[in-house]
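Asks: Structure in structure tokens, see below.
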Amino acid sequence: MGHNLAIPLPPVPDSAEDHARWLHSALRYRMLVGVWSDDLHDRLTKHIDPARLGAWGGKDAADLSSNVFKSIATQLAVLYDRKPKLAHDLPADSLIGEGGAIDRSGLWSMMPRFSQNVIGIREMGMRVSFTEKHGLRYRAVSPSLLVCRADPERPDLPVTWQEARLRKKPDGTGWWWTWDVLSIEDEDAPVYRIVEVTSTGPGADLTEMYTGTADLSGDAYPFRRRDGRPILPAVLYHAENTGQLWDPYNWREVVDGSLQVAVLFSLWSHAVRQASWPQRYGVNVRVPGLDTVDIEGAGRRQRIPTDPTSLLLFESDGDFQPMLGQFQPGASVDVLLSSILSYEQRIAVWAGLNPSDIERSHAARSGYAVAITNSGKRAAQRKYSVTQGDGDTRLAMLSAILMNRAMGTSFPEGGYRIRYESVPKSAEERKSEREHVLALVEAGLMDLRSAFMEINPGTSPEDADKALREIQGVDDEATNGAPLPSLPTADNLQVTALNGAQVVSAQQIVQAVAARTLPRATGIEMLANFFSLPTSIAESIMGDVGSGFFVSPPE
């Protein structure tokens, strides 16, 4: 924002520790939203001599085509690719249900980008407001604009919230920075004020100017539970539970490495443009008609325009024998590119990724710089669902409290749950998982209820029993929901899961083997491959057919 003359630079926090945290978090934020060209140029000037950088193209030499840091954060932010489901034991559908107040607010459409920022910056704030006119509104806040203090009993939860917030001046003449100051550190004397930012700290009180009320602290504090306890109208999300309020420097290796990769790609782009062909030279010759030009940052140079149809004329430059020749290309761009791509994948390990979850470079070239497998994304989803799920349930609770306060509703003010939809599995992954689970059942190492729940994530034990009864053909009402005395075997579970057409096809394969028109081994392979059955189950279905039992073909 500093490049827009109409918008002033943000304030500087009092603490040197907060100031350093703000600077680094702001760098991460710029890299995540795509405004980091100045940061890359600064890195280039530290590594490249000014004259050489001028030959590369000066400020235009910065190559922004690779951002490993953003690539990894984006791919890991999969929690909200499908809308999650909030739930509560008490009625709250008009708040958390389909088409409820949270749905209408547009929260879930903004959460994929928000989650990317949480993972990349390691924390993000979310302010919540409610008005009868606009309903629930959510506003993301970067840690580079926050100063907070934590609850000593819960050092990861803030009890003060000081936010640098850009606001329009009341007279409409421009923009200025203000401090939103909120505190529930003393629950008997909560604070909410809006104050002017000055070079020496907080300035004039602007609360009435922006809220219409002169005093919103103490008894007038507006953000309270049903029982009167004050709350902060904001949630601080964490990428990991470190037991601390801030974790600003984790992944610093990834951020720094991403800038370094961008420097290397800038070198590669220069090599492709200027050093990927043989360099020609002449001794004791000169080219008539050379023009002398000034090149910014690189001094004066001589040049002559050419194209494939040009005829270059050389003339002797002395009494010695003229000579023309060439050097080999100044850079091997293929070798250089391969080295940079290997360096990119090395950076991904610093993000906590298992090397087995990173696609090989030949696959990565077609999409992301570092492509993460679906299994790696699911592992990340399980990891981040704990901390971000805590933030989401707190957000639901806060939304309920604000609506109850403003509208007189009676939504529950706690006890919310959230379930995220898993990253879909490929057909190969589903087949492998199914074979593994059925093998465990066959070996007696897993019961069928657990197997059904493993193959169908998110299924409750009761729903699993009900589904198994339907597969078995048992009337659920006749058993009053009681566990079946004899659950189906692993063989029957897989076979009865086939539809009618598949059963007929399987019978035709068995009949062909019995009639000697199909070898037994081929029939077993067809059962296994056509119906995704483990080989042991296909052999069990075939039984003695083809090895001791045959039928004579009809007359």
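We name chains A, B, ... following the order of the structure tokens; residues begin at 1 in each chain, and ligands are numbered from 1 as shown.
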Neighbours of stretch 122-132 of chain A within 8 Å (only C-alpha atoms; same-chain residues fewer than 3 positions away dropped), as a ChimeraX atom specification?
Replies: /A:114,117-119,135-143,233-240,246-248,250,395,398-399,402-403,406-407
Asks: Assign secondary structure with DSSP using the backbone only, and return the residues of stretch 64-281 of chain A in alpha helix (DSSP H) as number ranges by chain.
Replies: A: 68-76, 93-96, 101-105, 107-121, 207-211, 252-274
Asks: Could you tell me how far atom CA of A:Ser432 lies from atom CA of A:Ser375, in Å and to one decimal?
Replies: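 It comes out at 12.8 Å.
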Asks: For A:Leu86, list every protein, DNA or RNA residue within 6 Å, evaluated using only C-alpha atoms, and leave out those in the same chain fewer than 2 positions away; present the list as a PyMOL selection string.
Replies: chain A and resi 96+417-418
Asks: Per DSSP on the backbone, filter stretch 164-270 of chain A down to the residues in strand (DSSP E or B) and report them as a compact mmCIF listing (two decimals) with C-alpha atoms, in the first residue's frame.
Replies:
```txt
# COMPACT_ATOMS: atom_id res chain seq x y z
CA ALA A 164 -4.02 -1.03 12.95
CA ARG A 165 -6.98 -0.33 10.70
CA LEU A 166 -7.15 1.86 7.60
CA ARG A 167 -10.23 4.05 7.60
CA LYS A 168 -11.63 6.81 5.47
CA TRP A 175 -7.41 7.79 4.33
CA TRP A 176 -5.70 7.45 7.69
CA TRP A 177 -4.66 4.73 10.07
CA THR A 178 -6.46 4.20 13.36
CA TRP A 179 -6.04 1.80 16.25
CA ASP A 180 -8.94 -0.47 17.21
CA VAL A 181 -8.26 -1.19 20.87
CA LEU A 182 -10.19 -4.03 22.54
CA SER A 183 -9.45 -5.68 25.87
CA VAL A 191 -12.38 -1.76 26.75
CA TYR A 192 -13.38 -0.86 23.19
CA ARG A 193 -11.96 2.35 21.72
CA ILE A 194 -10.96 3.70 18.31
CA VAL A 195 -8.01 6.08 18.52
CA GLU A 196 -5.93 8.12 16.12
CA VAL A 197 -2.46 6.90 15.11
CA THR A 198 0.33 9.43 15.72
CA GLY A 201 1.56 6.48 19.85
CA PRO A 202 -2.24 6.52 20.25
CA GLY A 203 -3.75 9.96 19.76
CA ALA A 204 -7.24 11.42 19.96
CA ASP A 205 -10.24 9.21 20.75
CA ARG A 224 -20.98 -9.99 25.74
CA PRO A 230 -17.31 -9.92 27.85
CA ALA A 234 -12.37 -11.72 16.92
CA VAL A 235 -10.69 -15.10 16.57
CA LEU A 236 -6.96 -15.69 16.16
CA TYR A 237 -6.36 -18.74 13.95
CA HIS A 238 -3.16 -20.79 14.29
```
Asks: Pick from A:Ile401, A:Leu90, A:Ala77, A:Ala271: nearest to A:Leu336, with only C-alpha atoms counted?
Replies: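 Ranked by minimum distance to A:Leu336, first place goes to A:Ala271.
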